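J.: Structure incoming, see below.
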Amino acid sequence: MKTILRPRAVLLLAGFLAICFSACAVKTTPVPKPPTGLRAGLRSSPYGPKNGFPNPAYWQSSARSMASRFTGAIPALVWIVGTMESDEAIEPEDRFTGRCKLSFPSPGGEFPDIVFSDADANEAYLEQFDRNGYQVWLQVEPANADVETLIKLVLDRYGKHSCVIGFGIDVEWHRWSRQNNEGTEVSDIQARAWSERVRKYDPGYRLFLKHWLDSKMPASYRQGLAFISDSQEFTSLEQMLADFEAWGKAFAPVPVGFQFGYPFDGAWWRQLADPPAAIGRAILARIPNTSELYWVDFTMQEIWPEAAAAPEKN
């Protein structure tokens, strides 16, 4: 016998089903929550610091000092774990091999255009950052390596750390060659694949893409992304701000960030009373979607001498 539902019953049933469907949708398709708040600190690379690579206490103290210059900023680091491999026996202009060298041992297996280090260079630092509530981007210079493979290798190894907030790619070194020495631009298809791969590890993770030319960035894809400019060689703070402001507007309202303190710009920033504060505050005043401020390791010891570094929690 066919059951006939009255109009009120139909409406109640429809409402019940809509609630159930909505609840199920929320459970099966969580909406990624981007990291909140301003981050400020240092860019760290194996090749930037002078006189050897500093210990964890130095990075913690200096990143904390950088963040303290901006109200509410979280101490943070861009931590480079993969660099363009170079062969020191070859002339400088031909030194790059086209492979990405990761600063930890291989998990086993063959990975085209990827080489590994004999020892882990990052674990002790990340453990300290975990204990002190810092936030860390893990970045690579991909060279000719497959980016999704790099994401997997890096996050499989370090994704357990509470300090990790995402993954970064320096596009200057993406499919780099002597003929294409500014790197290969990232397509929307690539950006989507990389972003989704990163967010599979944690819906709150983000992927940043770094360059100084917005033409190297994906044309329209923005989900889960942040964009960092490492532009340099300016003649004044105002010229830097104009360049950075254009970068911010190109991606607004998506979060953007900036690396600064390069030696090329030292002629003018060394004249400032407090270069990190002056530059960072000027950026924040001009570019409202700024989420990242990082002083580069090439000159960090001019601002934060090694002797000033004090240990935090053990």
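Residues are referred to by chain and number: the chain letter is A, B, ... according to the order shown in the structure tokens, the number counts from 1 in that chain, and ligands are numbered separately from 1 in the order shown.
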Could you find all residues in range 63-121 of chain A that DSSP calls strand (DSSP E or B) from the backbone, and write them as number ranges by chain?

T.: A: 74-86, 96-102, 114-116

J.: Store the residues of this selection in a file with C-alpha atoms, as a compact mmCIF listing (two decimals), in the first residue's frame.

T.:
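Contents of again_12.txt, as written:
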```
# COMPACT_ATOMS: atom_id res chain seq x y z
CA ILE A 74 54.13 34.85 16.99
CA PRO A 75 57.84 33.92 16.82
CA ALA A 76 58.32 32.00 13.58
CA LEU A 77 60.89 30.72 11.13
CA VAL A 78 61.14 29.82 7.47
CA TRP A 79 63.31 26.71 7.86
CA ILE A 80 64.94 25.50 4.66
CA VAL A 81 65.34 21.71 4.65
CA GLY A 82 66.11 21.22 0.96
CA THR A 83 68.53 23.21 -1.19
CA MET A 84 69.79 23.20 -4.76
CA GLU A 85 72.71 20.79 -4.71
CA SER A 86 76.03 22.24 -5.77
CA PHE A 96 74.35 23.55 -9.60
CA THR A 97 73.53 19.91 -10.38
CA GLY A 98 69.77 20.29 -10.83
CA ARG A 99 69.07 18.07 -7.81
CA CYS A 100 67.48 18.96 -4.48
CA LYS A 101 69.54 18.02 -1.44
CA LEU A 102 67.48 17.27 1.67
CA ILE A 114 66.76 14.10 -4.90
CA VAL A 115 69.80 13.42 -2.70
CA PHE A 116 69.99 13.08 1.06
```

J.: Could you pull out the helix (DSSP H, G or I) residues of range 52-138 of chain A, going by DSSP on the backbone, and write them as a PDB file with N, CA and C atoms, in the first residue's frame?

T.:
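The new file part.pdb reads:
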```pdb
ATOM      1  N   PRO A  56      70.270  25.948  18.561  1.00  0.00           N
ATOM      2  CA  PRO A  56      68.838  26.259  18.708  1.00  0.00           C
ATOM      3  C   PRO A  56      68.562  27.495  19.558  1.00  0.00           C
ATOM      4  N   ALA A  57      69.354  27.704  20.629  1.00  0.00           N
ATOM      5  CA  ALA A  57      69.115  28.860  21.500  1.00  0.00           C
ATOM      6  C   ALA A  57      69.245  30.170  20.740  1.00  0.00           C
ATOM      7  N   TYR A  58      70.185  30.225  19.790  1.00  0.00           N
ATOM      8  CA  TYR A  58      70.351  31.456  19.015  1.00  0.00           C
ATOM      9  C   TYR A  58      69.090  31.733  18.186  1.00  0.00           C
ATOM     10  N   TRP A  59      68.616  30.716  17.473  1.00  0.00           N
ATOM     11  CA  TRP A  59      67.443  30.905  16.617  1.00  0.00           C
ATOM     12  C   TRP A  59      66.215  31.290  17.437  1.00  0.00           C
ATOM     13  N   GLN A  60      66.065  30.644  18.590  1.00  0.00           N
ATOM     14  CA  GLN A  60      64.914  30.948  19.438  1.00  0.00           C
ATOM     15  C   GLN A  60      64.973  32.383  19.952  1.00  0.00           C
ATOM     16  N   SER A  61      66.112  32.770  20.478  1.00  0.00           N
ATOM     17  CA  SER A  61      66.246  34.108  21.039  1.00  0.00           C
ATOM     18  C   SER A  61      66.063  35.179  19.971  1.00  0.00           C
ATOM     19  N   SER A  62      66.679  34.974  18.819  1.00  0.00           N
ATOM     20  CA  SER A  62      66.623  35.995  17.767  1.00  0.00           C
ATOM     21  C   SER A  62      65.236  36.086  17.136  1.00  0.00           C
ATOM     22  N   ALA A  63      64.599  34.942  16.914  1.00  0.00           N
ATOM     23  CA  ALA A  63      63.241  34.974  16.357  1.00  0.00           C
ATOM     24  C   ALA A  63      62.269  35.601  17.339  1.00  0.00           C
ATOM     25  N   ARG A  64      62.450  35.314  18.632  1.00  0.00           N
ATOM     26  CA  ARG A  64      61.605  35.934  19.655  1.00  0.00           C
ATOM     27  C   ARG A  64      61.806  37.441  19.674  1.00  0.00           C
ATOM     28  N   SER A  65      63.059  37.879  19.530  1.00  0.00           N
ATOM     29  CA  SER A  65      63.353  39.309  19.514  1.00  0.00           C
ATOM     30  C   SER A  65      62.711  39.983  18.305  1.00  0.00           C
ATOM     31  N   MET A  66      62.789  39.331  17.158  1.00  0.00           N
ATOM     32  CA  MET A  66      62.156  39.876  15.952  1.00  0.00           C
ATOM     33  C   MET A  66      60.646  40.014  16.167  1.00  0.00           C
ATOM     34  N   ALA A  67      60.013  38.975  16.688  1.00  0.00           N
ATOM     35  CA  ALA A  67      58.560  39.006  16.888  1.00  0.00           C
ATOM     36  C   ALA A  67      58.145  40.063  17.901  1.00  0.00           C
ATOM     37  N   SER A  68      58.990  40.311  18.909  1.00  0.00           N
ATOM     38  CA  SER A  68      58.640  41.263  19.969  1.00  0.00           C
ATOM     39  C   SER A  68      58.477  42.684  19.455  1.00  0.00           C
ATOM     40  N   PRO A  92      81.984  27.975 -10.352  1.00  0.00           N
ATOM     41  CA  PRO A  92      80.745  28.513  -9.782  1.00  0.00           C
ATOM     42  C   PRO A  92      79.590  28.646 -10.762  1.00  0.00           C
ATOM     43  N   GLU A  93      79.870  29.081 -11.988  1.00  0.00           N
ATOM     44  CA  GLU A  93      78.766  29.304 -12.936  1.00  0.00           C
ATOM     45  C   GLU A  93      78.101  28.011 -13.383  1.00  0.00           C
ATOM     46  N   ASP A  94      78.756  26.866 -13.170  1.00  0.00           N
ATOM     47  CA  ASP A  94      78.195  25.577 -13.567  1.00  0.00           C
ATOM     48  C   ASP A  94      77.999  24.650 -12.373  1.00  0.00           C
ATOM     49  N   GLU A 123      66.173  17.950  13.404  1.00  0.00           N
ATOM     50  CA  GLU A 123      65.329  17.397  14.466  1.00  0.00           C
ATOM     51  C   GLU A 123      65.509  18.119  15.793  1.00  0.00           C
ATOM     52  N   ALA A 124      66.740  18.342  16.223  1.00  0.00           N
ATOM     53  CA  ALA A 124      66.974  18.988  17.521  1.00  0.00           C
ATOM     54  C   ALA A 124      66.401  20.401  17.562  1.00  0.00           C
ATOM     55  N   TYR A 125      66.455  21.105  16.442  1.00  0.00           N
ATOM     56  CA  TYR A 125      65.923  22.467  16.370  1.00  0.00           C
ATOM     57  C   TYR A 125      64.400  22.443  16.453  1.00  0.00           C
ATOM     58  N   LEU A 126      63.774  21.555  15.689  1.00  0.00           N
ATOM     59  CA  LEU A 126      62.309  21.487  15.682  1.00  0.00           C
ATOM     60  C   LEU A 126      61.775  21.077  17.042  1.00  0.00           C
ATOM     61  N   GLU A 127      62.467  20.200  17.733  1.00  0.00           N
ATOM     62  CA  GLU A 127      62.044  19.816  19.079  1.00  0.00           C
ATOM     63  C   GLU A 127      62.046  21.018  20.025  1.00  0.00           C
ATOM     64  N   GLN A 128      63.067  21.860  19.913  1.00  0.00           N
ATOM     65  CA  GLN A 128      63.125  23.064  20.738  1.00  0.00           C
ATOM     66  C   GLN A 128      61.998  24.027  20.371  1.00  0.00           C
ATOM     67  N   PHE A 129      61.729  24.179  19.089  1.00  0.00           N
ATOM     68  CA  PHE A 129      60.647  25.075  18.670  1.00  0.00           C
ATOM     69  C   PHE A 129      59.293  24.542  19.144  1.00  0.00           C
ATOM     70  N   ASP A 130      59.113  23.219  19.145  1.00  0.00           N
ATOM     71  CA  ASP A 130      57.890  22.624  19.697  1.00  0.00           C
ATOM     72  C   ASP A 130      57.697  23.053  21.144  1.00  0.00           C
ATOM     73  N   ARG A 131      58.742  22.909  21.931  1.00  0.00           N
ATOM     74  CA  ARG A 131      58.644  23.164  23.367  1.00  0.00           C
ATOM     75  C   ARG A 131      58.367  24.621  23.691  1.00  0.00           C
TER      76      ARG A 131
END
```

J.: Can you list, as a list in words, every protein, DNA or RNA residue that comes within 8 Å of Gly159 in chain A when you count only C-alpha atoms, leaving out same-chain residues fewer than 5 positions away?

T.: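 Here the answer would be Val154, Val164 and Tyr201 of chain A.
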
J.: Using only C-alpha atoms, find the one residue out of A:Glu141, A:Asp146, A:Asp156, A:Asp188 that sits nearest to Tyr221 in chain A.

T.: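 Looking at the shortest contact to Tyr221 in chain A, the residue is A:Asp188.
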
J.: Could you give me, as an NGL selection string, the residues within 10 Å of Ala250 in chain A, counting only C-alpha atoms and dropping anything in the same chain fewer than 5 positions from it?

T.: :A and (214-215 or 227 or 244-245 or 256)

J.: Keeping only C-alpha atoms, write the selected residues to a file as a short mmCIF file (atom, residue, chain, number, x, y, z; two decimals), in the first residue's frame.

T.:
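Saved the output as result.cif:
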```cif
data_model
loop_
_atom_site.label_atom_id
_atom_site.label_comp_id
_atom_site.auth_asym_id
_atom_site.auth_seq_id
_atom_site.Cartn_x
_atom_site.Cartn_y
_atom_site.Cartn_z
CA ASP A 214 54.03 37.74 -9.32
CA SER A 215 54.08 36.40 -12.90
CA PHE A 227 52.69 34.20 -1.10
CA PHE A 244 56.02 45.03 -1.60
CA GLU A 245 52.73 46.92 -1.78
CA VAL A 256 51.34 37.55 1.94
#
```

J.: Excluding Asn289 in chain A and residues on its chain fewer than 3 positions from it, collect all residues at most 9 Å away from it, counting only C-alpha atoms, and give them as a list in words.

T.: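 Near Asn289 in chain A, the qualifying residues are Gly248, Lys249, Phe251, Ala252, Pro253, Val254, Pro255, Val256, Gly257 and Leu284 of chain A.
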
J.: Using only C-alpha atoms for the distances, tell me which of A:Ser117, A:Ser236, A:Gln190, A:Thr71 is nearest to Ala277 in chain A.

T.: A:Thr71

J.: Might you pull out every residue within 9 Å of Thr299 in chain A, with only C-alpha atoms counted and same-chain residues fewer than 3 positions away left off, and present them as a list of chain:residue names?

T.: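 Residues meeting the cut-off are A:Gly48, A:Pro49, A:Lys50, A:Gly261, A:Tyr262, A:Pro263, A:Gly266, A:Trp295, A:Val296, A:Glu302, A:Ile303, A:Trp304.
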
J.: Which residue, A:Leu153, A:Leu237, A:Gly166, A:Pro276, has the smallest gap to Gly109 in chain A when you use only C-alpha atoms?

T.: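 With only C-alpha atoms as the atom set, the closest residue is A:Leu153.
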
J.: For CA of Gln223 in chain A and CA of Ile165 in chain A, determine how far apart the two atoms are, in Å to one decimal place.

T.: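 Between CA of Gln223 in chain A and CA of Ile165 in chain A the gap works out to 15.4 Å.
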
J.: Would you mind listing what lies within 9 Å of Glu172 in chain A as a PDB file with N, CA and C atoms, in the first residue's frame, with only C-alpha atoms counted and same-chain residues fewer than 6 positions away left out?

T.:
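For reference, part.pdb as written:
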```pdb
ATOM      1  N   GLU A 141      64.097  24.209  -1.920  1.00  0.00           N
ATOM      2  CA  GLU A 141      64.452  24.721  -3.238  1.00  0.00           C
ATOM      3  C   GLU A 141      64.394  23.504  -4.163  1.00  0.00           C
ATOM      4  N   ALA A 143      64.585  22.524  -7.342  1.00  0.00           N
ATOM      5  CA  ALA A 143      65.403  22.161  -8.510  1.00  0.00           C
ATOM      6  C   ALA A 143      64.530  21.365  -9.481  1.00  0.00           C
ATOM      7  N   ASN A 181      67.009  31.059 -15.360  1.00  0.00           N
ATOM      8  CA  ASN A 181      67.589  31.206 -14.028  1.00  0.00           C
ATOM      9  C   ASN A 181      66.722  31.998 -13.051  1.00  0.00           C
ATOM     10  N   GLU A 182      65.466  32.239 -13.390  1.00  0.00           N
ATOM     11  CA  GLU A 182      64.516  32.799 -12.434  1.00  0.00           C
ATOM     12  C   GLU A 182      63.458  31.771 -12.053  1.00  0.00           C
ATOM     13  N   GLY A 183      63.639  30.531 -12.495  1.00  0.00           N
ATOM     14  CA  GLY A 183      62.695  29.479 -12.161  1.00  0.00           C
ATOM     15  C   GLY A 183      61.506  29.439 -13.105  1.00  0.00           C
ATOM     16  N   THR A 184      60.779  28.330 -13.043  1.00  0.00           N
ATOM     17  CA  THR A 184      59.612  28.111 -13.898  1.00  0.00           C
ATOM     18  C   THR A 184      58.341  28.443 -13.147  1.00  0.00           C
ATOM     19  N   GLU A 185      57.460  29.216 -13.778  1.00  0.00           N
ATOM     20  CA  GLU A 185      56.231  29.636 -13.120  1.00  0.00           C
ATOM     21  C   GLU A 185      55.375  28.432 -12.715  1.00  0.00           C
ATOM     22  N   LYS A 210      57.144  31.257  -3.042  1.00  0.00           N
ATOM     23  CA  LYS A 210      58.023  32.414  -2.861  1.00  0.00           C
ATOM     24  C   LYS A 210      58.683  32.802  -4.184  1.00  0.00           C
ATOM     25  N   HIS A 211      58.709  34.088  -4.455  1.00  0.00           N
ATOM     26  CA  HIS A 211      59.447  34.654  -5.594  1.00  0.00           C
ATOM     27  C   HIS A 211      59.381  36.164  -5.438  1.00  0.00           C
ATOM     28  N   TRP A 212      59.947  36.881  -6.371  1.00  0.00           N
ATOM     29  CA  TRP A 212      59.803  38.338  -6.359  1.00  0.00           C
ATOM     30  C   TRP A 212      58.962  38.819  -7.540  1.00  0.00           C
ATOM     31  N   LYS A 216      55.316  34.629 -11.750  1.00  0.00           N
ATOM     32  CA  LYS A 216      55.730  33.249 -11.506  1.00  0.00           C
ATOM     33  C   LYS A 216      54.708  32.480 -10.667  1.00  0.00           C
TER      34      LYS A 216
END
```

J.: Smallest atom-to-atom distance to Ser229 in chain A: which of A:Glu196, A:Asp297, A:Glu292, A:Asp265, using only C-alpha atoms?

T.: A:Glu292
